[in-house]
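Chemist: Provided herewith: my_file_37.txt, compact mmCIF, C-alpha atoms and all ligand atoms.
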```
# COMPACT_ATOMS: atom_id res chain seq x y z
CA MET A 1 -58.35 -54.03 155.17
CA HIS A 2 -57.39 -57.65 155.77
CA ARG A 3 -53.75 -58.52 156.40
CA ALA A 4 -52.95 -61.75 154.55
CA ARG A 5 -51.98 -64.57 156.89
CA LYS A 6 -49.12 -66.71 155.71
CA ARG A 7 -50.05 -69.63 157.96
CA PHE A 8 -53.39 -69.89 156.16
CA GLY A 9 -51.68 -69.80 152.76
CA GLN A 10 -53.44 -66.55 151.87
CA ASN A 11 -52.60 -65.30 148.37
CA PHE A 12 -55.68 -63.53 147.10
CA LEU A 13 -56.59 -63.40 143.41
CA ILE A 14 -56.53 -59.82 142.13
CA ASP A 15 -56.47 -60.22 138.32
CA SER A 16 -60.03 -59.83 137.05
CA SER A 17 -59.34 -61.35 133.63
CA ILE A 18 -57.82 -64.45 135.25
CA ILE A 19 -60.80 -64.68 137.64
CA GLN A 20 -63.11 -64.45 134.63
CA SER A 21 -61.28 -67.25 132.81
CA LEU A 22 -61.39 -69.47 135.92
CA VAL A 23 -65.16 -69.00 136.19
CA THR A 24 -65.52 -69.73 132.46
CA ALA A 25 -63.51 -72.95 132.91
CA ILE A 26 -65.71 -74.00 135.85
CA ALA A 27 -68.82 -73.20 133.76
CA PRO A 28 -71.26 -73.06 136.72
CA GLN A 29 -74.89 -73.87 135.95
CA PRO A 30 -77.59 -72.27 138.17
CA ASN A 31 -78.50 -75.49 140.02
CA ASP A 32 -75.00 -76.85 140.48
CA ASN A 33 -74.00 -77.71 144.05
CA ILE A 34 -70.66 -75.95 144.15
CA ILE A 35 -68.54 -76.04 147.29
CA GLU A 36 -65.70 -73.56 147.40
CA ILE A 37 -62.73 -74.30 149.64
CA GLY A 38 -61.02 -71.19 151.06
CA PRO A 39 -63.21 -68.35 149.69
CA GLY A 40 -60.98 -65.73 151.34
CA LEU A 41 -62.12 -62.24 150.36
CA GLY A 42 -64.55 -63.64 147.79
CA ALA A 43 -62.61 -63.20 144.52
CA LEU A 44 -64.21 -66.35 143.10
CA THR A 45 -67.17 -66.47 145.47
CA LYS A 46 -68.79 -63.30 144.12
CA PRO A 47 -68.79 -64.19 140.39
CA LEU A 48 -69.88 -67.74 141.30
CA LEU A 49 -72.78 -66.41 143.40
CA ASP A 50 -73.89 -64.31 140.42
CA LYS A 51 -74.36 -67.50 138.40
CA LEU A 52 -75.72 -69.89 141.05
CA GLU A 53 -78.92 -70.51 143.01
CA HIS A 54 -76.83 -71.46 146.04
CA LEU A 55 -73.18 -71.82 147.02
CA GLU A 56 -71.44 -73.45 149.99
CA VAL A 57 -68.00 -72.33 151.16
CA ILE A 58 -65.54 -73.69 153.73
CA GLU A 59 -63.26 -71.15 155.40
CA LEU A 60 -60.96 -71.48 158.40
CA ASP A 61 -60.00 -67.85 159.09
CA ARG A 62 -62.58 -66.30 161.46
CA ASP A 63 -61.78 -62.73 160.33
CA LEU A 64 -62.59 -63.65 156.75
CA ILE A 65 -65.76 -65.43 157.79
CA ASN A 66 -67.02 -62.17 159.32
CA LYS A 67 -66.42 -60.41 155.99
CA LEU A 68 -68.00 -63.24 153.99
CA GLU A 69 -71.19 -62.93 156.07
CA GLN A 70 -71.86 -59.70 154.13
CA LEU A 71 -72.13 -61.71 150.89
CA LYS A 72 -75.22 -63.44 152.28
CA GLN A 73 -77.31 -60.32 151.66
CA PRO A 74 -79.61 -59.65 149.90
CA THR A 75 -80.11 -63.06 148.24
CA ASN A 76 -79.34 -65.51 151.05
CA LYS A 77 -77.74 -67.93 148.58
CA LEU A 78 -74.52 -68.46 150.52
CA THR A 79 -73.88 -71.12 153.19
CA ILE A 80 -70.65 -70.66 155.15
CA HIS A 81 -69.01 -73.64 156.87
CA ALA A 82 -66.53 -72.27 159.42
CA ALA A 83 -64.25 -75.29 159.33
CA ASP A 84 -60.91 -76.83 158.45
CA ALA A 85 -61.32 -78.31 154.96
CA LEU A 86 -58.76 -80.99 155.86
CA LYS A 87 -61.14 -82.39 158.49
CA PHE A 88 -64.37 -81.49 156.75
CA ASP A 89 -66.88 -84.25 156.07
CA PHE A 90 -68.23 -83.36 152.64
CA SER A 91 -71.27 -85.60 153.13
CA HIS A 92 -72.72 -82.63 155.06
CA THR A 93 -73.09 -80.67 151.82
CA ARG A 94 -75.56 -80.79 148.94
CA TYR A 95 -74.80 -83.32 146.21
CA PRO A 96 -73.88 -84.20 143.48
CA ARG A 97 -70.95 -81.95 144.32
CA ARG A 98 -68.61 -79.76 142.32
CA ILE A 99 -65.60 -78.66 144.35
CA VAL A 100 -63.60 -75.54 143.52
CA GLY A 101 -60.88 -73.55 145.22
CA ASN A 102 -57.77 -71.47 145.00
CA LEU A 103 -56.22 -73.74 147.59
CA PRO A 104 -53.83 -72.71 150.33
CA TYR A 105 -50.55 -74.11 148.98
CA ASN A 106 -49.36 -75.46 152.31
CA ILE A 107 -52.24 -77.93 152.52
CA SER A 108 -53.13 -78.56 148.87
CA THR A 109 -51.65 -82.07 148.61
CA PRO A 110 -53.16 -83.45 151.87
CA LEU A 111 -56.44 -81.81 150.90
CA ILE A 112 -56.47 -83.60 147.55
CA PHE A 113 -55.75 -86.90 149.35
CA HIS A 114 -58.59 -86.10 151.78
CA LEU A 115 -60.97 -85.56 148.83
CA LEU A 116 -59.81 -88.71 147.05
CA GLU A 117 -61.21 -90.59 150.05
CA GLN A 118 -64.69 -89.13 149.52
CA LEU A 119 -65.16 -89.00 145.76
CA ASP A 120 -68.67 -90.46 145.87
CA SER A 121 -71.04 -87.84 144.54
CA ILE A 122 -68.25 -85.54 143.35
CA VAL A 123 -68.81 -84.54 139.73
CA ASP A 124 -65.56 -82.62 139.30
CA MET A 125 -62.96 -80.50 141.10
CA HIS A 126 -61.30 -77.30 139.88
CA PHE A 127 -58.25 -76.19 141.83
CA MET A 128 -55.62 -73.50 141.69
CA LEU A 129 -52.37 -75.14 142.75
CA GLN A 130 -48.67 -74.54 142.49
CA ASN A 131 -47.70 -75.14 138.88
CA GLU A 132 -45.20 -77.73 140.06
CA VAL A 133 -47.93 -79.69 141.90
CA VAL A 134 -50.14 -79.60 138.77
CA ASN A 135 -47.23 -80.95 136.72
CA ARG A 136 -46.76 -83.75 139.25
CA ILE A 137 -50.46 -84.65 139.16
CA CYS A 138 -50.55 -84.74 135.34
CA ALA A 139 -47.17 -86.48 134.83
CA ARG A 140 -47.16 -89.77 132.91
CA THR A 141 -45.01 -92.86 133.19
CA GLY A 142 -41.42 -91.96 132.27
CA ASP A 143 -41.76 -88.26 133.17
CA ARG A 144 -39.37 -86.79 135.71
CA ASN A 145 -42.34 -85.63 137.82
CA PHE A 146 -44.16 -88.98 137.79
CA GLY A 147 -44.57 -90.16 141.38
CA ARG A 148 -46.87 -91.01 144.25
CA LEU A 149 -49.14 -87.99 143.73
CA SER A 150 -49.55 -88.68 139.97
CA ILE A 151 -50.42 -92.32 140.63
CA MET A 152 -52.80 -91.85 143.55
CA VAL A 153 -54.74 -89.17 141.64
CA GLN A 154 -54.72 -90.91 138.25
CA VAL A 155 -56.12 -94.22 139.52
CA LYS A 156 -59.22 -92.28 140.58
CA CYS A 157 -59.45 -89.18 138.38
CA SER A 158 -58.65 -87.86 134.95
CA SER A 159 -56.69 -84.62 135.12
CA GLN A 160 -56.47 -81.62 132.84
CA LYS A 161 -54.20 -78.61 133.24
CA LEU A 162 -56.37 -75.69 132.13
CA ILE A 163 -54.70 -72.33 132.75
CA HIS A 164 -51.21 -71.19 133.67
CA VAL A 165 -51.50 -68.37 136.24
CA PRO A 166 -48.57 -66.00 136.80
CA ALA A 167 -47.54 -64.98 140.33
CA GLU A 168 -48.57 -61.34 139.59
CA SER A 169 -52.23 -62.42 139.59
CA PHE A 170 -52.15 -62.68 143.41
CA SER A 171 -51.66 -60.42 146.38
CA PRO A 172 -49.39 -60.95 148.17
CA LYS A 173 -47.42 -62.25 145.20
CA PRO A 174 -46.31 -65.85 145.83
CA LYS A 175 -42.77 -66.99 145.05
CA VAL A 176 -44.03 -69.61 142.61
CA GLU A 177 -46.17 -69.83 139.49
CA SER A 178 -49.63 -71.40 139.67
CA ALA A 179 -51.95 -73.36 137.43
CA PHE A 180 -55.64 -74.18 137.36
CA ILE A 181 -56.53 -77.85 137.03
CA ARG A 182 -59.68 -79.91 136.51
CA LEU A 183 -59.94 -83.33 138.16
CA THR A 184 -62.83 -85.55 137.07
CA PRO A 185 -63.45 -88.74 139.06
CA LEU A 186 -63.38 -91.88 136.91
CA LYS A 187 -66.62 -93.88 136.82
CA LYS A 188 -64.71 -96.63 138.61
CA SER A 189 -61.38 -96.46 140.43
CA LEU A 190 -58.65 -98.51 138.71
CA VAL A 191 -57.89 -100.03 142.13
CA PRO A 192 -60.54 -102.31 143.68
CA LYS A 193 -61.64 -101.08 147.12
CA GLN A 194 -60.24 -104.13 148.94
CA LEU A 195 -56.75 -103.51 147.46
CA GLU A 196 -56.60 -99.79 148.16
CA GLN A 197 -54.50 -99.93 151.34
CA HIS A 198 -52.02 -102.41 149.83
CA PHE A 199 -51.79 -100.38 146.63
CA LYS A 200 -51.02 -97.24 148.66
CA HIS A 201 -48.34 -99.13 150.57
CA ILE A 202 -46.71 -100.57 147.42
CA VAL A 203 -46.62 -97.15 145.71
CA GLN A 204 -45.19 -95.47 148.80
CA THR A 205 -42.55 -98.19 149.27
CA CYS A 206 -41.64 -98.17 145.59
CA PHE A 207 -40.95 -94.42 145.71
CA SER A 208 -39.23 -94.38 149.10
CA GLN A 209 -35.93 -93.91 147.20
CA PRO A 210 -37.02 -92.76 143.72
CA ARG A 211 -33.55 -92.99 142.17
CA LYS A 212 -33.07 -96.60 143.23
CA THR A 213 -34.40 -99.60 141.33
CA VAL A 214 -37.82 -101.11 141.91
CA ASN A 215 -36.11 -104.22 143.27
CA ASN A 216 -34.12 -102.23 145.78
CA ASN A 217 -37.14 -100.32 147.04
CA LEU A 218 -39.41 -103.35 147.27
CA LYS A 219 -36.82 -105.72 148.76
CA LYS A 220 -38.66 -106.04 152.07
CA VAL A 221 -42.12 -106.64 150.57
CA LEU A 222 -41.58 -108.56 147.29
CA SER A 223 -38.95 -110.96 146.00
CA GLN A 224 -37.18 -110.27 142.71
CA ASN A 225 -38.95 -113.29 141.18
CA LYS A 226 -42.35 -111.88 142.01
CA ILE A 227 -41.41 -108.55 140.41
CA ILE A 228 -40.43 -110.51 137.27
CA ASP A 229 -43.71 -112.47 137.50
CA ALA A 230 -45.52 -109.13 137.38
CA GLY A 231 -43.83 -108.55 134.00
CA ILE A 232 -41.54 -105.85 135.37
CA ASP A 233 -37.81 -105.48 134.94
CA PRO A 234 -36.58 -105.41 138.59
CA ASN A 235 -33.83 -103.00 137.57
CA SER A 236 -36.25 -100.37 136.28
CA ARG A 237 -36.80 -97.13 138.25
CA PRO A 238 -40.22 -96.50 139.85
CA GLN A 239 -40.90 -93.61 137.40
CA GLN A 240 -40.82 -96.11 134.52
CA LEU A 241 -43.71 -98.22 135.85
CA THR A 242 -47.27 -97.87 134.60
CA LEU A 243 -50.39 -97.72 136.79
CA GLU A 244 -51.13 -101.32 135.72
CA ASN A 245 -47.61 -102.36 136.85
CA PHE A 246 -48.28 -100.97 140.35
CA LEU A 247 -51.58 -102.83 140.42
CA ALA A 248 -49.89 -106.08 139.34
CA LEU A 249 -47.28 -105.63 142.11
CA THR A 250 -50.06 -105.06 144.63
CA ARG A 251 -51.84 -108.25 143.57
CA LEU A 252 -48.63 -110.31 143.79
CA SER A 253 -47.75 -108.90 147.21
CA GLN A 254 -51.03 -110.44 148.44
CA ILE A 255 -50.08 -113.99 147.46
N1 LIG B 1 -60.32 -67.83 147.22
C1 LIG B 1 -59.58 -66.66 147.62
C2 LIG B 1 -58.93 -66.04 146.40
O1 LIG B 1 -58.81 -66.76 145.39
O2 LIG B 1 -58.55 -64.88 146.47
C3 LIG B 1 -58.53 -67.00 148.69
C4 LIG B 1 -57.52 -68.06 148.30
S1 LIG B 1 -56.20 -68.24 149.46
C5 LIG B 1 -54.97 -68.94 148.41
C6 LIG B 1 -56.61 -69.67 150.45
C7 LIG B 1 -57.83 -69.50 151.35
O3 LIG B 1 -58.01 -70.74 152.07
C8 LIG B 1 -57.72 -68.43 152.40
O4 LIG B 1 -58.93 -67.73 152.48
C9 LIG B 1 -57.45 -69.19 153.71
O5 LIG B 1 -57.88 -68.51 154.86
C10 LIG B 1 -58.24 -70.47 153.46
N2 LIG B 1 -57.76 -71.63 154.24
C11 LIG B 1 -56.51 -71.90 154.65
N3 LIG B 1 -56.45 -73.08 155.28
C12 LIG B 1 -57.71 -73.57 155.24
C13 LIG B 1 -58.30 -74.78 155.73
N4 LIG B 1 -57.58 -75.70 156.36
N5 LIG B 1 -59.63 -74.97 155.54
C14 LIG B 1 -60.38 -74.02 154.90
N6 LIG B 1 -59.87 -72.87 154.41
C15 LIG B 1 -58.56 -72.65 154.58
```
Just give me the structure as structure tokens.
Modeler:
Amino acid sequence: MHRARKRFGQNFLIDSSIIQSLVTAIAPQPNDNIIEIGPGLGALTKPLLDKLEHLEVIELDRDLINKLEQLKQPTNKLTIHAADALKFDFSHTRYPRRIVGNLPYNISTPLIFHLLEQLDSIVDMHFMLQNEVVNRICARTGDRNFGRLSIMVQVKCSSQKLIHVPAESFSPKPKVESAFIRLTPLKKSLVPKQLEQHFKHIVQTCFSQPRKTVNNNLKKVLSQNKIIDAGIDPNSRPQQLTLENFLALTRLSQI
């Protein structure tokens, strides 16, 4: 028996029909280079191994790693990286990569940001996240949930909410509902590489006080006239801006 560790965000999948629908959504092909983050007790690992020639997993909890070692036999298809996924350099894995995981909720957002920095050679990503985080990622301009996470993901990936997963599908049962999402990197990021840091800064500054106007938030970095030059009403709220608006603000903040 393994006692679930809260600090590692351990909520193990126990609903076999949900597990089946997640694997169907991932649609693994035998030669795919799938990397699973946080395999835990193997709820997804085992059905994935059945369909793959090889599988790499990244797990932090040493106790679980000992149990996962047993999945190496008899086929020797499994590679275990005993590591913190937040610090993991994915260039050490086979590529082109497909990333999957029922992510520990406490680190899911920083982990997505970590992966957004290394999207080269990533074909797609399938993640179980808190439903609320999925809604934030998929939110569009004008939505209540539209914010920094939506923007930073959407300039690099298309997103698709696939399956709503009730709390009863896990043990221990989490306090929140979950959802399974697919993120597919765009062929080209909407933000040119040389503007990335400035774009990040503008978005962060713009949402520092989400209920205040764009003008109020950007006061220290852009004049009201420049905001108008970007074709934006300075009295609008940050949630009302489009991805292109944030890019235009970034360009003008450079001049
Ligand atoms: N995949 C299993 C399942 O669906 O039942 C377990 C999912 S559980 C929500 C999250 C897993 O991520 C746990 O196995 C936990 O130990 C692991 N984990 C937590 N923090 C991690 C980190 N920083 N790097 C890698 N794995 C981590």
Chemist: Return as an mmCIF file with C-alpha atoms, keeping the file's coordinate frame every polymer residue, whether protein, DNA or RNA, with at least one atom no more than 9 Å from an atom of ligand LIG 1 (chain B); count all atoms listed in the file.
Modeler:
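Written out: part37.cif:
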```cif
data_model
loop_
_atom_site.group_PDB
_atom_site.id
_atom_site.type_symbol
_atom_site.label_atom_id
_atom_site.label_comp_id
_atom_site.auth_asym_id
_atom_site.auth_seq_id
_atom_site.Cartn_x
_atom_site.Cartn_y
_atom_site.Cartn_z
ATOM 1 C CA ALA A 4 -52.950 -61.750 154.550
ATOM 2 C CA ARG A 5 -51.980 -64.570 156.890
ATOM 3 C CA LYS A 6 -49.120 -66.710 155.710
ATOM 4 C CA ARG A 7 -50.050 -69.630 157.960
ATOM 5 C CA PHE A 8 -53.390 -69.890 156.160
ATOM 6 C CA GLY A 9 -51.680 -69.800 152.760
ATOM 7 C CA GLN A 10 -53.440 -66.550 151.870
ATOM 8 C CA ASN A 11 -52.600 -65.300 148.370
ATOM 9 C CA PHE A 12 -55.680 -63.530 147.100
ATOM 10 C CA LEU A 13 -56.590 -63.400 143.410
ATOM 11 C CA ILE A 14 -56.530 -59.820 142.130
ATOM 12 C CA ILE A 19 -60.800 -64.680 137.640
ATOM 13 C CA GLU A 36 -65.700 -73.560 147.400
ATOM 14 C CA ILE A 37 -62.730 -74.300 149.640
ATOM 15 C CA GLY A 38 -61.020 -71.190 151.060
ATOM 16 C CA PRO A 39 -63.210 -68.350 149.690
ATOM 17 C CA GLY A 40 -60.980 -65.730 151.340
ATOM 18 C CA LEU A 41 -62.120 -62.240 150.360
ATOM 19 C CA GLY A 42 -64.550 -63.640 147.790
ATOM 20 C CA ALA A 43 -62.610 -63.200 144.520
ATOM 21 C CA LEU A 44 -64.210 -66.350 143.100
ATOM 22 C CA THR A 45 -67.170 -66.470 145.470
ATOM 23 C CA VAL A 57 -68.000 -72.330 151.160
ATOM 24 C CA ILE A 58 -65.540 -73.690 153.730
ATOM 25 C CA GLU A 59 -63.260 -71.150 155.400
ATOM 26 C CA LEU A 60 -60.960 -71.480 158.400
ATOM 27 C CA ASP A 61 -60.000 -67.850 159.090
ATOM 28 C CA ARG A 62 -62.580 -66.300 161.460
ATOM 29 C CA ASP A 63 -61.780 -62.730 160.330
ATOM 30 C CA LEU A 64 -62.590 -63.650 156.750
ATOM 31 C CA ILE A 65 -65.760 -65.430 157.790
ATOM 32 C CA HIS A 81 -69.010 -73.640 156.870
ATOM 33 C CA ALA A 82 -66.530 -72.270 159.420
ATOM 34 C CA ALA A 83 -64.250 -75.290 159.330
ATOM 35 C CA ASP A 84 -60.910 -76.830 158.450
ATOM 36 C CA ALA A 85 -61.320 -78.310 154.960
ATOM 37 C CA LEU A 86 -58.760 -80.990 155.860
ATOM 38 C CA LYS A 87 -61.140 -82.390 158.490
ATOM 39 C CA PHE A 88 -64.370 -81.490 156.750
ATOM 40 C CA GLY A 101 -60.880 -73.550 145.220
ATOM 41 C CA ASN A 102 -57.770 -71.470 145.000
ATOM 42 C CA LEU A 103 -56.220 -73.740 147.590
ATOM 43 C CA PRO A 104 -53.830 -72.710 150.330
ATOM 44 C CA TYR A 105 -50.550 -74.110 148.980
ATOM 45 C CA ASN A 106 -49.360 -75.460 152.310
ATOM 46 C CA ILE A 107 -52.240 -77.930 152.520
ATOM 47 C CA LEU A 111 -56.440 -81.810 150.900
ATOM 48 C CA MET A 128 -55.620 -73.500 141.690
ATOM 49 C CA LEU A 129 -52.370 -75.140 142.750
ATOM 50 C CA PHE A 170 -52.150 -62.680 143.410
ATOM 51 C CA SER A 171 -51.660 -60.420 146.380
#
```
Chemist: Please compute the atom CA of A:Ser253-atom CA of A:Leu222 distance, one decimal, in Å.
Modeler: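 These two atoms are separated by 6.2 Å.
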Chemist: I'd like the interatomic distance between atom CA of A:Asn215 and atom CA of A:Val191, to a tenth of an Å.
Modeler: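 Result for atom CA of A:Asn215 versus atom CA of A:Val191: 22.2 Å, one decimal.
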Chemist: Which of these residues is nearest to A:Leu149, using only C-alpha atoms: A:Asn216, A:Gln73, A:Gln239, A:Gln209?
Modeler: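 Ranking A:Asn216, A:Gln73, A:Gln239, A:Gln209 by distance to A:Leu149, first place goes to A:Gln239.
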Chemist: Name the closest residue to A:Lys226 among the candidates A:Cys206, A:Val100, A:Arg136, A:Leu252; distances are taken between atoms, counting all atoms listed in the file.
Modeler: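 Ranked by minimum distance to A:Lys226, first place goes to A:Leu252.
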Chemist: When distances are computed from all atoms listed in the file, which of A:Arg98, A:Ser236, A:Ser16, A:Val176 shows the smallest separation from A:Asp32?
Modeler: A:Arg98
Chemist: Nearest to A:Asp124: which of A:Ile163, A:Leu183, A:Leu78, A:Leu55 is it, counting all atoms listed in the file?
Modeler: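 Nearest to A:Asp124: A:Leu183.
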Chemist: Can you pull out every residue within 10 Å of stretch 227-235 of chain A, counting all atoms listed in the file, but drop anything in the same chain fewer than 5 positions away, and send it as a PyMOL selection string?
Modeler: chain A and resi 212-219+222+240-242+244-253
Chemist: Atom CA of A:His164 to atom CA of A:Ser178: how many Å, to one decimal?
Modeler: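 Rounded to one decimal, the two atoms are 6.2 Å apart.
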Chemist: From the set A:Gln20, A:Thr109, A:Asn31, A:Asn66, which residue has the shortest atom-to-atom contact distance to A:Met152, counting all atoms listed in the file?
Modeler: A:Thr109
Chemist: Hey, what's within 12 Å of A:Thr75 if we count all atoms listed in the file and toss same-chain stuff fewer than 2 positions away? As number ranges by chain, please?
Modeler: A: 49-50, 52-55, 69-73, 77-79
Chemist: Calculated over all atoms listed in the file, which of the candidates A:Phe180, A:Phe113, A:Phe207, A:Tyr95 has the smallest distance to A:Val153?
Modeler: A:Phe113
Chemist: Starting from the block above, write stretch 206-226 of chain A out to a file with N, CA, C and O atoms, as an mmCIF file, in the first residue's frame, please.
Modeler:
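Saved file part00.cif follows:
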```
data_model
loop_
_atom_site.group_PDB
_atom_site.id
_atom_site.type_symbol
_atom_site.label_atom_id
_atom_site.label_comp_id
_atom_site.auth_asym_id
_atom_site.auth_seq_id
_atom_site.Cartn_x
_atom_site.Cartn_y
_atom_site.Cartn_z
ATOM 1 N N CYS A 206 0.076 44.515 -17.189
ATOM 2 C CA CYS A 206 -1.302 44.835 -17.550
ATOM 3 C C CYS A 206 -2.308 44.169 -16.605
ATOM 4 O O CYS A 206 -3.368 44.713 -16.346
ATOM 5 N N PHE A 207 -1.944 42.967 -16.112
ATOM 6 C CA PHE A 207 -2.860 42.234 -15.228
ATOM 7 C C PHE A 207 -2.481 42.377 -13.756
ATOM 8 O O PHE A 207 -3.003 41.655 -12.923
ATOM 9 N N SER A 208 -1.580 43.325 -13.439
ATOM 10 C CA SER A 208 -1.177 43.417 -12.030
ATOM 11 C C SER A 208 -2.380 43.787 -11.160
ATOM 12 O O SER A 208 -2.502 43.328 -10.039
ATOM 13 N N GLN A 209 -3.296 44.618 -11.716
ATOM 14 C CA GLN A 209 -4.568 44.887 -11.011
ATOM 15 C C GLN A 209 -5.686 44.697 -12.044
ATOM 16 O O GLN A 209 -6.100 45.666 -12.687
ATOM 17 N N PRO A 210 -6.181 43.461 -12.187
ATOM 18 C CA PRO A 210 -7.065 43.117 -13.304
ATOM 19 C C PRO A 210 -8.336 43.963 -13.390
ATOM 20 O O PRO A 210 -8.889 44.129 -14.460
ATOM 21 N N ARG A 211 -8.802 44.502 -12.257
ATOM 22 C CA ARG A 211 -10.044 45.274 -12.316
ATOM 23 C C ARG A 211 -9.814 46.726 -12.747
ATOM 24 O O ARG A 211 -10.743 47.455 -13.051
ATOM 25 N N LYS A 212 -8.549 47.131 -12.712
ATOM 26 C CA LYS A 212 -8.249 48.515 -13.115
ATOM 27 C C LYS A 212 -8.103 48.618 -14.629
ATOM 28 O O LYS A 212 -7.992 47.620 -15.325
ATOM 29 N N THR A 213 -8.074 49.847 -15.130
ATOM 30 C CA THR A 213 -7.982 50.035 -16.585
ATOM 31 C C THR A 213 -6.565 49.710 -17.080
ATOM 32 O O THR A 213 -5.598 49.715 -16.305
ATOM 33 N N VAL A 214 -6.481 49.509 -18.384
ATOM 34 C CA VAL A 214 -5.188 49.253 -19.011
ATOM 35 C C VAL A 214 -4.244 50.429 -18.724
ATOM 36 O O VAL A 214 -3.074 50.254 -18.358
ATOM 37 N N ASN A 215 -4.791 51.636 -18.867
ATOM 38 C CA ASN A 215 -3.998 52.844 -18.642
ATOM 39 C C ASN A 215 -3.405 52.888 -17.229
ATOM 40 O O ASN A 215 -2.218 53.165 -17.043
ATOM 41 N N ASN A 216 -4.235 52.563 -16.267
ATOM 42 C CA ASN A 216 -3.798 52.559 -14.877
ATOM 43 C C ASN A 216 -2.688 51.548 -14.630
ATOM 44 O O ASN A 216 -1.684 51.847 -13.984
ATOM 45 N N ASN A 217 -2.854 50.359 -15.180
ATOM 46 C CA ASN A 217 -1.859 49.306 -14.970
ATOM 47 C C ASN A 217 -0.536 49.601 -15.678
ATOM 48 O O ASN A 217 0.534 49.272 -15.173
ATOM 49 N N LEU A 218 -0.650 50.232 -16.859
ATOM 50 C CA LEU A 218 0.563 50.414 -17.673
ATOM 51 C C LEU A 218 1.246 51.762 -17.457
ATOM 52 O O LEU A 218 2.250 52.054 -18.112
ATOM 53 N N LYS A 219 0.679 52.562 -16.541
ATOM 54 C CA LYS A 219 1.143 53.938 -16.329
ATOM 55 C C LYS A 219 2.670 54.083 -16.328
ATOM 56 O O LYS A 219 3.225 54.966 -16.963
ATOM 57 N N LYS A 220 3.340 53.136 -15.646
ATOM 58 C CA LYS A 220 4.796 53.285 -15.499
ATOM 59 C C LYS A 220 5.578 52.869 -16.755
ATOM 60 O O LYS A 220 6.747 53.201 -16.892
ATOM 61 N N VAL A 221 4.940 52.119 -17.646
ATOM 62 C CA VAL A 221 5.688 51.640 -18.823
ATOM 63 C C VAL A 221 5.253 52.254 -20.150
ATOM 64 O O VAL A 221 6.031 52.300 -21.101
ATOM 65 N N LEU A 222 4.021 52.753 -20.238
ATOM 66 C CA LEU A 222 3.520 53.313 -21.511
ATOM 67 C C LEU A 222 2.625 54.515 -21.253
ATOM 68 O O LEU A 222 1.765 54.472 -20.359
ATOM 69 N N SER A 223 2.797 55.552 -22.064
ATOM 70 C CA SER A 223 1.930 56.727 -21.917
ATOM 71 C C SER A 223 0.544 56.414 -22.491
ATOM 72 O O SER A 223 0.398 55.503 -23.315
ATOM 73 N N GLN A 224 -0.433 57.214 -22.077
ATOM 74 C CA GLN A 224 -1.792 57.035 -22.583
ATOM 75 C C GLN A 224 -1.823 57.172 -24.113
ATOM 76 O O GLN A 224 -2.529 56.444 -24.790
ATOM 77 N N ASN A 225 -1.016 58.123 -24.639
ATOM 78 C CA ASN A 225 -0.996 58.329 -26.092
ATOM 79 C C ASN A 225 -0.521 57.082 -26.834
ATOM 80 O O ASN A 225 -1.028 56.748 -27.895
ATOM 81 N N LYS A 226 0.469 56.441 -26.264
ATOM 82 C CA LYS A 226 0.980 55.230 -26.931
ATOM 83 C C LYS A 226 -0.078 54.127 -26.917
ATOM 84 O O LYS A 226 -0.192 53.370 -27.875
#
```
